[in-house]
Amino acid sequence: MTQFSVTVNGQKWEDDIEARLLLVHFLRDNLVLQGTHVGCDTTSCGACTVLVDGLPVKSCTMFAVQTDGREITTVEGLKQNGELDPIQVGFKEEHGLQCGFCTPGMMLVSRALLDENPDPSEEEIRWALSGNLCRCTGYQNIVKAVQHAAEAMKPEPEPALSRRK
Amino acid sequence: MAVTTNPSPSPSKWLGKSVKRKEDDRFIAGRGNYIEDIKLPAMLHMAILRSPYAHARINSIDASAAEALPGVVAVITGELLATYKLAWMPTLSGDTQAVLATDKVRFQGQEVACVVAEDRYVAHDALELIEVDYEPLPAVVSPQASLEEGAPLIRDDKEGQSDNRVYHWESGDAAATEEAFAEAHRVVSLTTHYPRCHPSPLECCGAVADVNPASGKATIYMTSQAPHAIRTVFAMVTGLPEQNIQIISPDIGGGFGNKVPVYPGYVVATAASLVLGRPVKWIEDRTGNLISTGFARDFHMTGELALSRTGEMLGLRVKMLSDQGYAYADAQPSKFKAGLFHIVTGSYDIPAAHIICDGAYTNKAPGGVAYRCSFRITEASYLIERLVQNAAVELKKDPAEFRRKNFIQPDQFPYTSATGFVYDSGDYERAMNLALKEVGYKKLRAEQKARRKDGTGPLLGIGLATMTEALGAGPSRDYDILGLKMFDSAELRVHPTGKAILKLGVRHQGQGHETTFAQIVAHELGIPPDDILVQEGDTDNTPYGLGTYASRSTPTAGAATSMVARKLRDKARKIAAYLLEVAEEDLEWDNDMFSVRGAPEKSKSIQEIAFAAYTDHPLGMEAGLEGVHYYDPPNLTFPFGTYVVVVEVDPDTGTWKPIKVVAVDDCGVRINPMIVEGQIMGGLTEGYAMAAMQLITFDDDGNCIGANFMDYLIPTSWETPHFDLFDTCTPSPHHPIGAKGVGESATVGSPAAFVNAVVDALSHLGVTNVEMPVTSGRVWEAIQAADGS
């Protein structure tokens, strides 16, 4: 057993775990954060994507102990102060999900993209999402969901100092 | 954005409205409830040991070291199951399949033993400790070899089975077809293979079985698209009384046909829970899913089209050989051995057709399921649409023009096809014309010509597919699975406050039933969708139904929903008449209320009526406002559409990519256009996937190549093309709201459009075929092999 501590969705956890425990199983079984899914076991599908220190990581291929001292965000951490994250709103508004299984991973990858690039092109969005598989949507509405979120997150334009008719 | 060229014929506040999905709130919050999320007290974990060989005799299994591992509770073998008569089980096509191998293994990945342990990691550790002594046998890996004289007998367990033939089945009129071919001016033929692929939903299969040792009640959570049918099969297999079996199908992470059959893992988990008296959970891994569960397609097909001097289709002759794996485990109507493959005449008025189908056992996983299609229609649609493309080229006619000449015409409906389908409605030319206009067909042809002449840069190809599907199985006179008629059902209860619960016999896997079916109730009764809870998947709490596959939910359960809502409306009329003290005939229904004809201020809303049904109903009338309807569809529904794919092909490397995809779908009345379009885009993506990359193949020893997502390729957002969607609306004349179903149309129709586009790009070089998946290597080889004419 190995001692480790990790911050998940802003809450600090200390645990004594088997060194071989995968991060995804730590999150799902030990913390009962079941929104992170397992789709392939081989780092191919991205259903298990979480953010580790803000970067997308496939949690089926990372040991939990490797996250010692780091910060993790899961889908359960997207909603802040009772408000849905713009990316969550985008997925619902643009019909960016069907069965919902890939959705948490897709949203987290999208969130990381928007943190780095708040105004991505369609090509940049498609490239950013390409490590995550979806079998239902054909991706087009997922792209729209990300665009929807990007639009919603744009800062309010500065009010014009004067306006002439 | 979709353009509606013909708006819904029955406009209402809720029909045809893109209501945002009710189910999304839990999914975007990560609060879905999938099979792996089910955790019960004292739950054990099960893992499956699989065969490394495609064909081998099992001499012995030594599980002693595994049993001795701390944390292991039991190791289950076929021998143990045999003592409960559970070593074999029926398939949904009436064949048998091993639960755990006893005598032999018959495909690589077959289930040989299961470990049940306190912890999932320990269960997997224990698998490594089981010693199995195999004696390898020659593997049969092609259906052609399987049917040869002297081929090793795969199913020697079956009494009376002396060869590897699964079935021989014919459809149509052989004599009339011979006559048509005798009169033909020209015969165009195509031999092709629809390769084996796998539906591979993103969530694998799994079960949590919880048999209560005191009450005997078995509650089995299961990734099932058809929980009611599975419960009946479980009752028949295990001998448990059916009322003591509860199948709960929780949220399903995609199905596409993969989650219709019964898999050994479900059965062993249940048996283990029964024996151990504790809940047992089995979660499949991806390799297990790809290597052992319902694969799809794998039809070897030859089609011949007899043509008149002027290019009319006179007859169609088809021979098909199906690679079934070691068990015939399609989930399909028992009357039709090759599913609905005999709809192979497609959208064309072909007076005579004859189809000969043979199925063969091989040393591969059992199957094949209808992957996002109505029982093998995908293979049929592909064959006829590829054949039509080649015929047009041979006749030196434009493929659109050639189709136009041979389409079934609008005034021919209802149209009886040469193999016995009665098409309900259609207007194929209208859909094709719209697609051609939107893609800019004439310009593209000119551009294609110019590029060919120019000789530099990528070649342009334009591929069409004008598909017709038959779905919504089905009328009970023709359609059953293991004898269970393929009706479906809806149960609706409106509560005193006017809020409703709708319970259905189908089970969605992402299709949006919780929203769409609420909209049907809203359309019929005026109760807003937000006030309606749609429940599916729990056999104890939903009416009996055959499940969700073959695009059947809207045609069957959707119709049942309409019908039950109308039953309630009839009762509501009686209550309203009582409350308003008028005769029933004096009442008019308007959206969500009854009002007195000529005195509209005198009215009762559906909510007021519902309240009265529990608080102030007429004496002598049964209280409450609820009902159930079992809907036996009078016919299948026949959606259709045109898919046009434009590709660029680099003739030097064989690489190709779609640069434009236009889809025109006519699925009758659209209940929720947003959800319909979502289904179409998903279907197009799977069509592209099959055309371009998805392949499960085997080496000569029967080793599966394509057993993980690194070998079995699924399109990502990067290569998936952009889709432009359009629609026409030709309502189904027999469905209560004119809907036809849509979930699979694009998967069925679009693969031929992708392949036709690549072949079209190369047709001037003499290329007439490239087999799926159309890889750059295959394209390059086809160019090299062509005569360059």
# chains A, B, ... in the order shown; residues from 1 in each chain; ligands from 1
call {"tool": "interface_residues", "arguments": {"of": "chain A", "to": "chain B", "cutoff": "7 Å", "atoms": "only C-alpha atoms", "output": "PyMOL selection string"}}
result
chain A and resi 34-35+39-41+44+75-76+88+92-93+98-101+103-104+126-127+129-130+133+135-140
call {"tool": "residues_around", "arguments": {"residues": "Pro120 of chain A", "least_positions_apart": "3", "cutoff": "9 Å", "atoms": "only C-alpha atoms", "output": "PyMOL selection string"}}
result
chain A and resi 113-114+117+123-125+146-147+150
call {"tool": "residues_around", "arguments": {"residues": "Asp68 of chain A", "least_positions_apart": "3", "cutoff": "9 Å", "atoms": "only C-alpha atoms", "output": "PDB file with C-alpha atoms, in the first residue's frame"}}
result
ATOM      1  CA  GLN A   3       0.289   6.768   0.936  1.00  0.00           C
ATOM      2  CA  PHE A   4      -0.746   9.556  -1.349  1.00  0.00           C
ATOM      3  CA  SER A   5      -2.728  12.736  -1.354  1.00  0.00           C
ATOM      4  CA  VAL A   6      -4.550  14.407  -4.177  1.00  0.00           C
ATOM      5  CA  THR A   7      -6.968  17.271  -4.688  1.00  0.00           C
ATOM      6  CA  ALA A  64      -3.595   6.907  -8.968  1.00  0.00           C
ATOM      7  CA  VAL A  65      -0.331   7.295  -7.041  1.00  0.00           C
ATOM      8  CA  GLU A  71      -5.047  18.596  -8.785  1.00  0.00           C
TER       9      GLU A  71
END
call {"tool": "residues_around", "arguments": {"residues": "segment 19-26 of chain A", "least_positions_apart": "4", "cutoff": "6 Å", "atoms": "only C-alpha atoms", "output": "list of chain:residue names"}}
result
A:Thr2, A:Asn30, A:Ser59, A:Cys60, A:Met62, A:Phe63, A:Ala64
call {"tool": "write_last_selection", "arguments": {"atoms": "C-alpha atoms", "output": "short mmCIF file (atom, residue, chain, number, x, y, z; two decimals), in the first residue's frame"}}
result
data_model
loop_
_atom_site.label_atom_id
_atom_site.label_comp_id
_atom_site.auth_asym_id
_atom_site.auth_seq_id
_atom_site.Cartn_x
_atom_site.Cartn_y
_atom_site.Cartn_z
CA THR A 2 1.12 3.50 -0.79
CA ASN A 30 -12.80 5.08 -3.81
CA SER A 59 -7.23 8.03 -16.39
CA CYS A 60 -7.40 4.36 -17.42
CA MET A 62 -2.40 6.36 -15.17
CA PHE A 63 -1.85 5.00 -11.69
CA ALA A 64 -3.60 6.91 -8.97
#
call {"tool": "residues_around", "arguments": {"residues": "Ala101 of chain B", "least_positions_apart": "5", "cutoff": "10 Å", "atoms": "only C-alpha atoms", "output": "PyMOL selection string"}}
result
chain B and resi 50-51+57-58+77-79+81-82+87-88+106+110-113
call {"tool": "select_by_dssp", "arguments": {"residues": "segment 26-127 of chain A", "states": "strand (DSSP E or B)", "output": "PyMOL selection string"}}
result
chain A and resi 49-52+55-58+63+71-73+80+83
call {"tool": "write_last_selection", "arguments": {"atoms": "C-alpha atoms", "output": "short mmCIF file (atom, residue, chain, number, x, y, z; two decimals), in the first residue's frame"}}
result
data_model
loop_
_atom_site.label_atom_id
_atom_site.label_comp_id
_atom_site.auth_asym_id
_atom_site.auth_seq_id
_atom_site.Cartn_x
_atom_site.Cartn_y
_atom_site.Cartn_z
CA THR A 49 -10.49 11.65 -19.61
CA VAL A 50 -9.98 13.87 -16.55
CA LEU A 51 -7.91 17.00 -16.10
CA VAL A 52 -4.69 16.63 -14.12
CA LEU A 55 -4.36 19.01 -18.78
CA PRO A 56 -6.48 16.19 -20.21
CA VAL A 57 -5.27 12.75 -19.14
CA LYS A 58 -6.75 9.34 -19.88
CA PHE A 63 -1.85 5.00 -11.69
CA GLU A 71 -5.05 18.60 -8.79
CA ILE A 72 -7.69 16.70 -10.65
CA THR A 73 -10.91 17.90 -12.23
CA GLN A 80 -19.36 25.75 -10.02
CA GLU A 83 -23.97 27.09 -12.25
#
call {"tool": "closest_residue", "arguments": {"among": "B:Asp398, B:Gln246, B:Thr556, B:Asp427", "to": "Asp411 of chain B", "atoms": "only C-alpha atoms"}}
result
B:Asp427
call {"tool": "residues_around", "arguments": {"residues": "Asn132 of chain A", "least_positions_apart": "3", "cutoff": "7 Å", "atoms": "only C-alpha atoms", "output": "ChimeraX atom specification"}}
result
/A:45-47,106,129
call {"tool": "write_last_selection", "arguments": {"atoms": "N, CA and C atoms", "output": "tab-separated table (two decimals), in the first residue's frame"}}
result
chain	number	residue	atom	x	y	z
A	45	CYS	N	-9.93	5.61	-26.39
A	45	CYS	CA	-11.27	6.18	-26.60
A	45	CYS	C	-11.52	7.47	-25.83
A	46	GLY	N	-10.82	7.68	-24.73
A	46	GLY	CA	-10.95	8.96	-24.02
A	46	GLY	C	-12.17	9.10	-23.13
A	47	ALA	N	-12.97	8.05	-22.97
A	47	ALA	CA	-14.14	8.16	-22.09
A	47	ALA	C	-13.73	8.44	-20.65
A	106	MET	N	-15.39	14.17	-23.28
A	106	MET	CA	-15.45	15.18	-24.34
A	106	MET	C	-15.52	16.59	-23.74
A	129	LEU	N	-10.26	17.36	-30.16
A	129	LEU	CA	-11.17	16.28	-29.75
A	129	LEU	C	-10.76	14.92	-30.29
call {"tool": "select_by_dssp", "arguments": {"residues": "segment 120-186 of chain B", "states": "alpha helix (DSSP H)", "output": "PyMOL selection string"}}
result
chain B and resi 120-127+143-146+174-183
call {"tool": "write_last_selection", "arguments": {"atoms": "C-alpha atoms", "output": "tab-separated table (two decimals), in the first residue's frame"}}
result
chain	number	residue	atom	x	y	z
B	120	ARG	CA	-11.82	-6.94	-9.64
B	121	TYR	CA	-8.01	-6.85	-9.63
B	122	VAL	CA	-7.86	-10.16	-7.77
B	123	ALA	CA	-10.32	-11.72	-10.21
B	124	HIS	CA	-8.04	-10.78	-13.09
B	125	ASP	CA	-4.94	-11.99	-11.22
B	126	ALA	CA	-6.63	-15.35	-10.75
B	127	LEU	CA	-7.32	-15.75	-14.48
B	143	PRO	CA	-17.38	-19.74	-45.19
B	144	GLN	CA	-16.26	-21.02	-48.59
B	145	ALA	CA	-13.77	-23.41	-46.97
B	146	SER	CA	-16.34	-24.28	-44.35
B	174	ALA	CA	-36.72	-18.31	-59.64
B	175	ALA	CA	-38.63	-19.08	-62.84
B	176	ALA	CA	-39.78	-15.52	-63.46
B	177	THR	CA	-36.26	-14.29	-62.81
B	178	GLU	CA	-34.76	-16.79	-65.27
B	179	GLU	CA	-37.22	-15.53	-67.85
B	180	ALA	CA	-36.20	-11.92	-67.21
B	181	PHE	CA	-32.55	-12.82	-67.66
B	182	ALA	CA	-33.32	-14.72	-70.87
B	183	GLU	CA	-34.90	-11.57	-72.29
call {"tool": "closest_residue", "arguments": {"among": "B:Lys158, B:Arg165, B:His45, B:Arg573", "to": "Tyr361 of chain B", "atoms": "only C-alpha atoms"}}
result
B:Arg165
call {"tool": "closest_atom_pairs", "arguments": {"of": "segment 604-662 of chain B", "to": "segment 466-476 of chain B", "cutoff": "9 Å", "atoms": "only C-alpha atoms", "output": "Markdown table"}}
result
| residue | atom | partner | partner_atom | distance |
| --- | --- | --- | --- | --- |
| B:Asp632 | CA | B:Pro475 | CA | 5.7 |
| B:Pro633 | CA | B:Pro475 | CA | 5.0 |
| B:Pro634 | CA | B:Pro475 | CA | 5.5 |
| B:Asn635 | CA | B:Pro475 | CA | 5.7 |
| B:Leu636 | CA | B:Gly472 | CA | 5.3 |
| B:Thr637 | CA | B:Leu471 | CA | 5.4 |
| B:Phe638 | CA | B:Ala470 | CA | 4.7 |
| B:Pro639 | CA | B:Glu469 | CA | 5.6 |
| B:Phe640 | CA | B:Thr468 | CA | 4.2 |
| B:Gly641 | CA | B:Met467 | CA | 5.6 |
| B:Thr642 | CA | B:Thr466 | CA | 4.3 |
| B:Tyr643 | CA | B:Thr466 | CA | 6.5 |
| B:Val644 | CA | B:Thr466 | CA | 8.7 |
